[in-house]
Every structure is written in structure tokens, then in C-alpha cells.
file my_file19.txt (compact mmCIF, C-alpha atoms)
# COMPACT_ATOMS: atom_id res chain seq x y z
CA MET A 11 3.98 16.43 4.15
CA ALA A 12 7.05 14.16 4.05
CA LEU A 13 5.45 11.90 6.65
CA LEU A 14 2.21 11.63 4.69
CA ALA A 15 4.07 11.04 1.41
CA ALA A 16 6.10 8.31 3.11
CA VAL A 17 2.89 6.71 4.42
CA ALA A 18 1.47 6.79 0.87
CA MET A 19 4.66 5.11 -0.40
CA PHE A 20 4.41 2.53 2.37
CA CYS A 21 0.76 1.83 1.50
CA SER A 22 1.76 1.53 -2.16
CA THR A 23 4.32 -1.08 -1.14
CA LEU A 24 1.59 -3.05 0.66
CA GLU A 25 -0.73 -2.65 -2.30
CA TYR A 26 1.93 -3.87 -4.71
CA LEU A 27 1.78 -7.22 -2.93
CA ILE A 28 -1.94 -7.64 -3.70
CA PRO A 29 -2.64 -9.50 -6.97
CA LYS A 30 -4.70 -7.55 -9.50
CA PRO A 31 -7.68 -9.38 -11.01
CA LEU A 32 -8.09 -6.63 -13.64
CA PRO A 33 -5.56 -4.39 -15.45
CA PHE A 34 -5.09 -0.96 -13.81
CA PHE A 35 -7.17 -2.05 -10.83
CA ARG A 36 -5.97 -0.73 -7.47
CA VAL A 37 -7.39 -1.14 -4.02
CA GLY A 38 -6.47 2.44 -3.21
CA LEU A 39 -4.61 1.94 0.06
CA ALA A 40 -2.32 4.84 -0.83
CA ASN A 41 -5.38 7.11 -0.61
CA LEU A 42 -5.55 6.56 3.13
CA PRO A 43 -3.20 9.43 4.11
CA ILE A 44 -5.10 11.75 1.74
CA LEU A 45 -8.51 10.77 3.14
CA VAL A 46 -7.61 11.07 6.81
CA THR A 47 -6.01 14.51 6.32
CA LEU A 48 -8.72 16.08 4.16
CA HIS A 49 -9.91 18.06 7.16
CA VAL A 50 -6.34 19.08 8.06
CA LEU A 51 -4.57 20.13 4.86
CA THR A 52 -5.40 22.99 2.53
CA TRP A 53 -6.57 21.98 -0.95
CA LYS A 54 -3.19 23.01 -2.38
CA HIS A 55 -1.31 20.77 0.03
CA THR A 56 -3.73 17.94 -0.67
CA LEU A 57 -2.93 18.22 -4.38
CA VAL A 58 0.82 18.23 -3.64
CA LEU A 59 0.31 15.10 -1.53
CA ILE A 60 -1.58 13.46 -4.41
CA LEU A 61 1.31 14.25 -6.75
CA LEU A 62 3.80 12.76 -4.27
CA LYS A 63 1.55 9.71 -3.90
CA VAL A 64 1.39 9.15 -7.67
CA VAL A 65 5.17 9.47 -8.05
CA GLY A 66 5.72 7.21 -5.03
CA GLN A 67 3.32 4.62 -6.43
CA ALA A 68 5.07 4.75 -9.79
CA ILE A 69 8.42 4.22 -8.13
CA ILE A 70 7.11 1.29 -6.10
CA ASN A 71 5.30 -0.29 -9.07
CA GLY A 72 8.06 0.48 -11.54
CA THR A 73 5.65 2.30 -13.86
CA LEU A 74 7.27 5.74 -13.81
CA ALA A 75 8.33 5.49 -17.46
CA SER A 76 5.12 3.95 -18.77
CA TYR A 77 1.63 5.05 -19.82
CA VAL A 78 0.33 3.48 -16.60
CA PHE A 79 1.91 6.44 -14.81
CA LEU A 80 -0.17 8.91 -16.86
CA PHE A 81 -3.33 6.89 -16.22
CA SER A 82 -2.56 6.88 -12.51
CA LEU A 83 -1.82 10.61 -12.59
CA PHE A 84 -5.12 11.51 -14.25
CA GLY A 85 -7.09 9.01 -12.15
CA SER A 86 -5.57 10.21 -8.90
CA PHE A 87 -6.14 13.89 -9.62
CA ALA A 88 -9.73 13.22 -10.73
CA SER A 89 -10.26 11.25 -7.55
CA GLY A 90 -8.56 13.90 -5.42
CA LEU A 91 -10.58 16.76 -6.86
CA VAL A 92 -13.85 14.86 -6.41
CA MET A 93 -12.92 13.92 -2.83
CA LEU A 94 -12.04 17.54 -2.05
CA PHE A 95 -15.29 18.76 -3.57
CA VAL A 96 -17.46 16.21 -1.74
CA HIS A 97 -15.64 16.77 1.54
CA ARG A 98 -15.81 20.56 1.36
CA THR A 99 -19.42 20.81 0.19
CA LEU A 100 -21.04 17.91 2.10
CA ARG A 101 -18.74 17.81 5.08
CA ARG A 102 -21.41 17.30 7.72
CA ARG A 103 -23.52 14.88 5.73
CA VAL A 104 -20.96 12.52 4.22
CA THR A 105 -18.42 10.39 6.09
CA LEU A 106 -15.05 9.39 4.69
CA ILE A 107 -16.74 6.25 3.36
CA GLY A 108 -18.83 8.35 0.99
CA VAL A 109 -15.87 10.56 0.14
CA SER A 110 -13.72 7.52 -0.62
CA LEU A 111 -16.45 5.91 -2.72
CA ALA A 112 -16.87 9.10 -4.77
CA GLY A 113 -13.10 9.28 -5.29
CA ALA A 114 -12.88 5.63 -6.29
CA VAL A 115 -15.67 5.99 -8.84
CA ALA A 116 -14.04 9.11 -10.32
CA SER A 117 -10.59 7.50 -10.50
CA ASN A 118 -11.85 4.26 -12.02
CA ALA A 119 -14.11 6.04 -14.51
CA VAL A 120 -11.26 8.26 -15.75
CA GLN A 121 -8.82 5.35 -16.01
CA LEU A 122 -11.42 3.21 -17.77
CA LEU A 123 -12.17 5.93 -20.32
CA LEU A 124 -8.46 6.52 -20.95
CA SER A 125 -7.78 2.81 -21.38
CA ILE A 126 -10.70 2.45 -23.80
CA ARG A 127 -9.66 5.54 -25.76
CA PHE A 128 -5.90 5.00 -25.92
CA VAL A 129 -5.04 1.36 -25.19
CA PHE A 130 -7.63 -1.38 -25.49
CA GLY A 131 -10.28 0.18 -27.72
CA ALA A 132 -14.06 -0.37 -27.69
CA PRO A 133 -13.97 -4.11 -26.80
CA SER A 134 -12.72 -3.21 -23.34
CA TRP A 135 -16.19 -1.86 -22.43
CA VAL A 136 -16.72 -5.49 -21.35
CA MET A 137 -14.29 -4.75 -18.54
CA ALA A 138 -16.25 -1.72 -17.32
CA PRO A 139 -18.85 -3.31 -14.98
CA PRO A 140 -16.47 -5.53 -12.97
CA PHE A 141 -13.88 -2.74 -12.93
CA LEU A 142 -16.32 -0.19 -11.52
CA ILE A 143 -17.94 -2.64 -9.09
CA LEU A 144 -14.59 -3.86 -7.72
CA GLY A 145 -13.30 -0.30 -7.56
CA SER A 146 -16.38 0.84 -5.64
CA VAL A 147 -16.12 -2.02 -3.17
CA ALA A 148 -12.44 -1.23 -2.64
CA GLY A 149 -13.30 2.46 -2.21
CA ILE A 150 -15.86 1.61 0.49
CA VAL A 151 -13.40 -0.65 2.33
CA VAL A 152 -10.68 2.03 2.24
CA GLY A 153 -13.26 4.59 3.40
CA ILE A 154 -14.28 2.41 6.36
CA VAL A 155 -10.64 2.03 7.40
CA ALA A 156 -10.04 5.79 7.00
CA GLU A 157 -13.17 6.74 8.97
CA ARG A 158 -12.35 4.38 11.82
CA TYR A 159 -8.75 5.59 11.92
CA ARG A 160 -9.78 9.25 11.93
CA ARG A 161 -12.15 8.67 14.84
CA ARG A 162 -9.66 6.70 16.94
CA SER A 163 -6.38 8.41 16.11
CA ARG A 164 -4.60 10.36 18.81
CA TRP A 165 -1.96 11.48 16.39
CA LEU A 166 -4.22 13.23 13.84
CA PRO A 167 -5.33 15.94 16.28
CA GLU A 168 -1.66 16.60 17.08
CA LEU A 169 -0.93 16.87 13.35
CA ALA A 170 -3.88 19.23 12.87
CA HIS A 171 -2.68 21.36 15.78
CA ALA A 172 0.90 21.53 14.45
CA TYR A 173 -0.36 22.24 10.93
CA GLY A 174 -2.54 25.05 12.26
CA GLU A 175 0.44 26.52 14.11
CA ALA A 176 2.60 26.35 10.99
CA GLY A 177 0.25 28.23 8.96
CA MET B 22 19.17 -1.96 10.47
CA ARG B 23 21.81 0.64 11.35
CA SER B 24 25.26 -0.39 12.45
CA ARG B 25 27.53 1.57 14.78
CA GLN B 26 31.09 0.20 14.38
CA PRO B 27 33.13 0.20 12.24
CA VAL B 28 32.23 2.96 9.74
CA PRO B 29 30.65 1.25 6.69
CA TRP B 30 32.57 1.40 3.41
CA PHE B 31 30.09 3.65 1.63
CA GLN B 32 29.88 6.03 4.56
CA ALA B 33 33.66 6.30 4.57
CA ASN B 34 33.89 6.95 0.82
CA LEU B 35 30.73 8.79 -0.21
CA ASP B 36 28.70 11.63 1.20
CA ALA B 37 25.03 10.93 1.98
CA ALA B 38 23.62 13.00 -0.90
CA THR B 39 25.78 11.28 -3.54
CA GLN B 40 24.80 7.92 -2.10
CA LEU B 41 21.10 8.85 -2.44
CA TYR B 42 21.54 10.21 -5.98
CA ALA B 43 23.36 7.02 -7.00
CA GLY B 44 20.50 4.98 -5.55
CA MET B 45 17.93 7.09 -7.38
CA ALA B 46 19.88 6.77 -10.64
CA LEU B 47 20.04 3.01 -10.18
CA LEU B 48 16.35 2.56 -9.31
CA PRO B 49 14.87 3.01 -12.83
CA ALA B 50 17.40 0.56 -14.25
CA PHE B 51 16.28 -1.97 -11.66
CA LEU B 52 12.57 -1.38 -12.21
CA LEU B 53 12.74 -1.34 -16.01
CA GLN B 54 14.53 -4.69 -16.06
CA GLU B 55 12.33 -7.37 -17.64
CA SER B 56 14.59 -10.42 -17.35
CA LEU B 57 13.88 -12.50 -14.26
CA VAL B 58 17.42 -13.86 -14.14
CA VAL B 59 19.00 -10.41 -14.38
CA ARG B 60 16.60 -9.04 -11.76
CA ALA B 61 17.53 -11.85 -9.40
CA ALA B 62 21.22 -11.00 -9.92
CA GLN B 63 20.45 -7.32 -9.28
CA VAL B 64 18.73 -8.20 -6.01
CA GLY B 65 21.88 -10.07 -4.98
CA LEU B 66 23.93 -6.99 -5.84
CA LEU B 67 21.58 -4.70 -3.91
CA LEU B 68 21.83 -7.00 -0.92
CA LEU B 69 25.61 -6.64 -1.09
CA LEU B 70 25.25 -2.84 -1.30
CA ALA B 71 22.98 -2.81 1.74
CA LEU B 72 25.56 -4.82 3.66
CA LEU B 73 28.35 -2.48 2.49
CA ALA B 74 26.22 0.41 3.72
CA GLY B 75 26.44 -1.16 7.15
CA LYS B 76 22.84 -2.29 7.41
CA ARG B 77 21.76 -5.49 9.14
CA ILE B 78 19.55 -7.68 6.98
CA ARG B 79 16.94 -10.13 8.29
CA TYR B 80 17.17 -12.84 5.64
CA GLY B 81 14.22 -14.86 6.99
CA TYR B 82 11.91 -11.89 6.69
CA PHE B 83 12.83 -11.23 3.05
CA ALA B 84 12.50 -14.93 2.21
CA ILE B 85 8.96 -14.85 3.64
CA VAL B 86 8.13 -11.69 1.63
CA LEU B 87 9.35 -13.30 -1.59
CA ALA B 88 7.47 -16.56 -0.87
CA SER B 89 4.21 -14.89 0.13
CA VAL B 90 4.09 -12.57 -2.90
CA THR B 91 4.74 -15.57 -5.14
CA VAL B 92 2.00 -17.65 -3.48
CA PHE B 93 -0.54 -14.82 -3.81
CA HIS B 94 0.13 -14.43 -7.52
CA VAL B 95 0.12 -18.15 -8.22
CA ALA B 96 -3.54 -18.12 -7.16
CA ILE B 97 -4.46 -16.28 -10.40
CA PRO B 98 -3.62 -18.67 -13.29
CA SER B 99 -1.83 -17.30 -16.32
CA GLY B 100 0.17 -18.98 -19.09
CA ARG B 101 1.19 -22.61 -19.52
CA VAL B 102 0.08 -25.14 -16.92
CA LEU B 103 3.14 -26.57 -15.17
CA SER B 104 1.39 -28.83 -12.72
CA GLU B 105 -2.08 -29.56 -11.39
CA PHE B 106 -3.13 -30.26 -7.82
CA GLY B 107 -6.81 -31.19 -7.91
CA SER B 108 -8.66 -28.14 -9.21
CA PHE B 109 -5.63 -25.88 -8.70
CA ALA B 110 -3.32 -25.31 -11.67
CA LEU B 111 0.21 -24.01 -11.19
CA THR B 112 0.92 -21.85 -14.23
CA SER B 113 4.22 -20.53 -15.56
CA GLY B 114 3.02 -16.95 -16.08
CA ALA B 115 1.62 -16.62 -12.57
CA LEU B 116 4.74 -18.15 -11.03
CA ARG B 117 7.03 -15.86 -13.00
CA THR B 118 4.96 -12.77 -12.15
CA GLY B 119 4.96 -13.67 -8.47
CA VAL B 120 8.70 -14.23 -8.24
CA PHE B 121 9.37 -11.14 -10.38
CA LYS B 122 7.24 -8.89 -8.17
CA GLY B 123 8.57 -10.43 -5.00
CA LEU B 124 12.11 -9.75 -6.17
CA ALA B 125 11.11 -6.18 -7.06
CA ILE B 126 9.83 -5.55 -3.54
CA VAL B 127 12.84 -7.12 -1.86
CA GLY B 128 15.26 -5.32 -4.21
CA MET B 129 13.62 -1.94 -3.61
CA VAL B 130 13.86 -2.38 0.12
CA PHE B 131 17.55 -3.31 -0.20
CA LEU B 132 18.11 -0.28 -2.44
CA SER B 133 16.24 2.05 -0.08
CA VAL B 134 18.17 0.68 2.86
CA ALA B 135 21.48 1.07 0.99
CA ALA B 136 20.82 4.53 -0.47
CA VAL B 137 19.28 6.42 2.43
CA ARG B 138 21.47 7.54 5.29
CA SER B 139 20.34 9.34 8.38
CA ASP B 140 22.83 12.18 7.86
CA LEU B 141 21.33 13.02 4.47
CA ARG B 142 20.95 16.70 3.59
CA ILE B 143 19.91 18.02 0.17
CA PRO B 144 19.77 21.77 -0.55
CA GLY B 145 16.51 23.48 -1.42
CA ARG B 146 12.92 22.92 -0.32
CA ALA B 147 12.21 20.13 -2.84
CA GLY B 148 15.43 18.38 -1.85
CA ALA B 149 14.50 18.66 1.80
CA LEU B 150 11.06 17.21 1.08
CA VAL B 151 12.55 14.27 -0.86
CA ALA B 152 15.11 13.61 1.87
CA ARG B 153 12.51 13.75 4.62
CA THR B 154 10.15 11.50 2.65
CA PHE B 155 12.83 8.85 2.08
CA TRP B 156 13.95 9.10 5.68
CA ALA B 157 10.35 8.68 6.89
CA PHE B 158 9.81 5.78 4.47
CA GLU B 159 12.85 4.00 5.88
CA PHE B 160 11.58 4.69 9.40
CA LEU B 161 8.24 3.05 8.50
CA LEU B 162 9.97 0.07 6.88
CA GLU B 163 12.02 -0.43 10.01
CA GLY B 164 9.06 0.10 12.31
CA ARG B 165 6.55 -2.13 10.49
CA ARG B 166 7.14 -5.04 12.88
CA ARG B 167 5.62 -2.98 15.67
CA VAL B 168 2.29 -2.97 13.85
CA THR B 169 0.22 -5.75 15.37
CA TRP B 170 -2.84 -7.46 13.88
CA ARG B 171 -4.52 -7.51 17.29
CA ARG B 172 -4.50 -3.71 17.58
CA PRO B 173 -3.72 -2.45 14.06
CA MET B 174 -5.12 1.08 14.37
CA GLU B 175 -3.50 1.80 17.72
CA SER B 176 -0.12 0.38 16.73
CA VAL B 177 -0.10 2.29 13.41
CA ASP B 178 -1.14 5.45 15.24
CA SER B 179 1.64 5.00 17.77
CA LEU B 180 4.23 4.46 15.03
CA LEU B 181 3.05 7.54 13.08
CA SER B 182 3.02 9.62 16.23
CA GLU B 183 6.62 8.63 16.97
CA LEU B 184 7.65 9.40 13.39
CA PHE B 185 5.85 12.76 13.56
CA TYR B 186 7.80 13.81 16.65
CA GLU B 187 11.09 12.51 15.21
CA LEU B 188 10.55 14.65 12.10
CA ARG B 189 9.39 17.69 14.04
CA GLY B 190 12.12 17.50 16.62
CA SER B 191 15.06 16.83 14.36
CA GLY B 192 14.40 18.61 11.09
CA ALA B 193 15.63 15.42 9.42
CA GLY B 194 17.03 16.23 6.00
CA GLU B 195 15.72 19.75 6.32
CA GLU B 196 17.81 22.66 5.21
CA GLY B 197 19.20 24.17 8.33
CA GLY B 198 18.03 21.23 10.41
CA LYS B 199 20.19 20.10 13.30
CA THR B 200 22.13 17.41 11.55
CA ASP B 201 25.80 18.29 11.97
CA GLY B 202 26.88 14.70 11.75
CA ALA B 203 24.00 13.48 13.86
CA SER B 204 21.13 11.32 12.75
CA PRO B 205 17.60 12.66 13.20
CA ASN B 206 17.27 10.80 16.45
CA GLY B 207 20.51 12.13 17.77
CA ARG B 208 22.91 9.24 17.16
CA ALA B 209 26.40 10.27 16.14
CA LEU B 210 27.53 9.44 12.63
CA GLY B 211 30.90 9.72 10.91
CA VAL B 212 30.92 12.75 8.60
CA SER B 213 32.29 11.53 5.29
CA ARG B 214 33.86 13.20 2.29
CA PRO B 215 33.60 11.48 -1.07
CA THR B 216 36.76 9.73 -2.30
CA ILE B 217 37.73 8.77 -5.84
CA ALA B 218 37.13 5.12 -4.94
CA GLY B 219 33.62 6.02 -3.76
CA TRP B 220 32.79 7.93 -6.95
CA VAL B 221 34.18 5.13 -9.16
CA ALA B 222 32.21 2.48 -7.24
CA ALA B 223 28.98 4.50 -7.46
CA GLY B 224 29.50 5.19 -11.18
CA LEU B 225 30.27 1.56 -11.96
CA LEU B 226 27.25 0.31 -10.04
CA VAL B 227 24.84 2.70 -11.74
CA GLY B 228 26.40 2.18 -15.18
CA ALA B 229 26.42 -1.61 -14.85
CA ASN B 230 22.75 -1.73 -13.89
CA TRP B 231 21.75 0.45 -16.84
CA ALA B 232 23.94 -1.68 -19.12
CA LEU B 233 22.05 -4.77 -17.92
CA LEU B 234 18.94 -3.39 -19.65
CA LEU B 235 20.68 -4.23 -22.92
CA VAL B 236 21.04 -7.90 -21.96
call {"tool": "encode", "arguments": {"input": "my_file19.txt", "output": "C-alpha cells"}}
result
Amino acid sequence: MALLAAVAMFCSTLEYLIPKPLPFFRVGLANLPILVTLHVLTWKHTLVLILLKVVGQAIINGTLASYVFLFSLFGSFASGLVMLFVHRTLRRRVTLIGVSLAGAVASNAVQLLLSIRFVFGAPSWVMAPPFLILGSVAGIVVGIVAERYRRRSRWLPELAHAYGEAG
Amino acid sequence: MRSRQPVPWFQANLDAATQLYAGMALLPAFLLQESLVVRAAQVGLLLLLALLAGKRIRYGYFAIVLASVTVFHVAIPSGRVLSEFGSFALTSGALRTGVFKGLAIVGMVFLSVAAVRSDLRIPGRAGALVARTFWAFEFLLEGRRRVTWRRPMESVDSLLSELFYELRGSGAGEEGGKTDGASPNGRALGVSRPTIAGWVAAGLLVGANWALLLV
């Protein structure tokens, strides 16, 4: 868990370096450790990892004491729950690309609704199409990376084996 | 970035947990800072702390990080136009944001490097998880140069595999783990007890950084 949380923090650091064309927009690199371990961790441990990821992201971005943190928290948990649901129910029919896309749409939709309701008001509906399109593209790209990594990784099977042994 | 001889000042005057707590207490003050000038001064201070913690700093690398983050952000115009080069406009807002974020990244790395020691042990399961996470994060920061663009997946996989076995084998930061003055990869470290000078230095550093929020 510490390793995966550290990877999420490391990905957040990389993501912090990427300029954001839209407010609240994130590529979602920090979702990579969650995606590639969906088949390894229990749903409870996945949710703990999401919490660690959100806190790590907030520390990296310096948003721990701001409303952005709450947006990220709600967006990440919405995304995580949708990814868990899609992965568990459609495991054999959907790759990590589809799982990541579903998670990205859920996260962006929740954050968009929260920003419209609590921060920017109705005019920010203008932002919705580019926000959702960019978020979906980013979700697909992250999904492709996650799927390729899961197929090629030699370390993930070792992690799954150790995790199985532990409990 | 770890040194061997002599024992760094902080290691001689503070225990690893207090050093981490001081770093964690200082972090929000650094991140909440909105003044570019003050943040730049803080980064200088954090660099000094990293050096006092006995870590070796690659200045060229951090200069490149700062420059590249700034260049990326300058590409998205914002604020007053400072200069124009053909169709490209250099704007004050974009330049400030880039430098500000670049300094944040560099400062956080300095802080992480200064605050986290390999002999860190925190009681309790949550403490162990935090300690192991920070230790693993530092491991990744140190190991990032081994990730190559030619074989990104394989090099990342190799790095994670190594980290996995380091964590499994050592119980780094874990309650009851085999630390006894040894780092997670077995290197001997001086076991330190906090001194009054260490406490005063840590208190002053944290207090001064929070006070800078009032500037």
C-alpha cells in the first residue's frame, strides 16, 4: 500500500508539471497505480489507496487547505467507485482503457457539477464540453498506458502473489 | 543523495520522527505561501536544510526542472504582455505561474529530502504507513534517473520491483521492522537523540515559515 501510495504521489508530481488548459482539469496520471492494481487489491484497499492518492495530490499541488481538495476528494471517490463497479461487473469484456474512461467521465462530471453549483455558477456550463472531452481523452490515454503496463509488468504478478499470501 | 561521513547536523541533534514532523509542519506554510519572492527565499532555506541533513544536491537537475516547468507554463498566455516574438506573447501571469510552480516542485523535493531519514520509525499502523510511503517516495525520487524513454515500461517495472523487495525485506518504517539504527537497505546510520539545539532549530524553522505567511 505504501509503495502504491508513493507511486501515486510520484505521478502527482509529474502531473503537477503539466500546464492545465482548464480549471480543475487533471490528466489523471495518479490513477495509474489504482488502475493496474484493480485486479489485485480488495475494494476496501482500493478505497484506502484512493484516499492516500487524494491526500498525496493535495500535498503535491498545495491544495490541502482549499475547496479544490474537496472537489478532488469527491471526484476521485466517484471515479474509484465507478472503476471498481465496471471492473468487477464487466471484467472480461472491458479492458483498463474502458475502466479508465468510465472513471474519468465520472470524476469530471462530479467535479463539473460541484464547480457549477458552488463556485462558478450557471455560466460555467460553457466549460462543460471541452472539460468532458479533454477529460475523456486523458482517461483513454491513461487507460492505454495502464493496460500496456499490466500486460508487460513482471512485478505486478509478484505483488499479486505477495498480496494473496498476506491475506 | 545520502552521505556517510561525518554525521549530518540534523541527524546528530534530532531523532528521525521529530525531523519528519517538523518537515510536515513546515510543508503547509510553504505551500500556502503566495508571494513569489518569499517562496524563492523559502526554497533557498530548504536547500540549506537538505544540505544540513547531509544530502547531496544536483544543482543542474533542479535548474532544469525549474526552467522546464516555467517554459511549459509560458506557452499558455495569461496577464500583461511583456514581450512578443512573432505570434508568441510572453505574459507576466504565465511567467509568474511557471516560476512559482517550478519553485514549489523544487522546494518540495528539498523538503522531502531534508525531512525523511532512512532510520525513521513512527508508532502505530497509520504512522508506519506514512513512514513507508514517504520512504518509498524518496526512493522513487532518487531512482527516477533510471527510468529511460527508450524502454519506459521495463525501466519503471524494474524500479518498482526493486522498491517492492526493499520494502518487503526491510520493513522500512514498520513497527517492529528491522531498523535498529540501520537503513532499510542495511546501511548503518548513527542513532541520534534529540538535543535542545535540535529542538530550538526545528521550532524556529517551522515558526519562521508560518510567520512568513503574514508577510
call {"tool": "interface_residues", "arguments": {"input": "my_file19.txt", "of": "chain B", "to": "chain A", "cutoff": "6 Å", "atoms": "all atoms listed in the file", "output": "list in words"}}
result
Leu52, Val90, His94, Leu150, Arg153, Thr154, Ala157, Phe158 and Ser182 of chain B
call {"tool": "residues_around", "arguments": {"input": "my_file19.txt", "residues": "Ala84 in chain B", "least_positions_apart": "4", "cutoff": "12 Å", "atoms": "only C-alpha atoms", "output": "PyMOL selection string"}}
result
chain B and resi 78-80+88-91+120+123-124+126-128
call {"tool": "residues_around", "arguments": {"input": "my_file19.txt", "residues": "Val92 in chain A", "least_positions_apart": "6", "cutoff": "12 Å", "atoms": "all atoms listed in the file", "output": "number ranges by chain"}}
result
A: 45, 48, 53, 57, 85-86, 98-100, 108-117, 119-120
call {"tool": "write_last_selection", "arguments": {"input": "my_file19.txt", "atoms": "C-alpha atoms", "output": "PDB file, in the coordinates of the input"}}
result
ATOM      1  CA  LEU A  45      -8.510  10.770   3.140  1.00  0.00           C
ATOM      2  CA  LEU A  48      -8.720  16.080   4.160  1.00  0.00           C
ATOM      3  CA  TRP A  53      -6.570  21.980  -0.950  1.00  0.00           C
ATOM      4  CA  LEU A  57      -2.930  18.220  -4.380  1.00  0.00           C
ATOM      5  CA  GLY A  85      -7.090   9.010 -12.150  1.00  0.00           C
ATOM      6  CA  SER A  86      -5.570  10.210  -8.900  1.00  0.00           C
ATOM      7  CA  ARG A  98     -15.810  20.560   1.360  1.00  0.00           C
ATOM      8  CA  THR A  99     -19.420  20.810   0.190  1.00  0.00           C
ATOM      9  CA  LEU A 100     -21.040  17.910   2.100  1.00  0.00           C
ATOM     10  CA  GLY A 108     -18.830   8.350   0.990  1.00  0.00           C
ATOM     11  CA  VAL A 109     -15.870  10.560   0.140  1.00  0.00           C
ATOM     12  CA  SER A 110     -13.720   7.520  -0.620  1.00  0.00           C
ATOM     13  CA  LEU A 111     -16.450   5.910  -2.720  1.00  0.00           C
ATOM     14  CA  ALA A 112     -16.870   9.100  -4.770  1.00  0.00           C
ATOM     15  CA  GLY A 113     -13.100   9.280  -5.290  1.00  0.00           C
ATOM     16  CA  ALA A 114     -12.880   5.630  -6.290  1.00  0.00           C
ATOM     17  CA  VAL A 115     -15.670   5.990  -8.840  1.00  0.00           C
ATOM     18  CA  ALA A 116     -14.040   9.110 -10.320  1.00  0.00           C
ATOM     19  CA  SER A 117     -10.590   7.500 -10.500  1.00  0.00           C
ATOM     20  CA  ALA A 119     -14.110   6.040 -14.510  1.00  0.00           C
ATOM     21  CA  VAL A 120     -11.260   8.260 -15.750  1.00  0.00           C
TER      22      VAL A 120
END
call {"tool": "atom_distance", "arguments": {"input": "my_file19.txt", "atom1": "CA of Pro43 in chain A", "atom2": "CA of Pro139 in chain A"}}
result
27.8 Å
call {"tool": "atom_distance", "arguments": {"input": "my_file19.txt", "atom1": "CA of Phe83 in chain B", "atom2": "CA of Arg117 in chain B"}}
result
17.7 Å
call {"tool": "atom_distance", "arguments": {"input": "my_file19.txt", "atom1": "CA of Trp135 in chain A", "atom2": "CA of Arg36 in chain A"}}
result
18.2 Å
call {"tool": "closest_residue", "arguments": {"input": "my_file19.txt", "among": "B:Phe155, B:Leu35, B:Ala43, B:Ala61", "to": "Gly228 in chain B", "atoms": "only C-alpha atoms"}}
result
B:Ala43
call {"tool": "closest_residue", "arguments": {"input": "my_file19.txt", "among": "A:Leu106, A:Ala170, A:Leu51, A:Ile44", "to": "Cys21 in chain A", "atoms": "all atoms listed in the file"}}
result
A:Ile44
call {"tool": "closest_residue", "arguments": {"input": "my_file19.txt", "among": "A:Val37, A:Val65, A:Met93, A:Ile126", "to": "His49 in chain A", "atoms": "only C-alpha atoms"}}
result
A:Met93
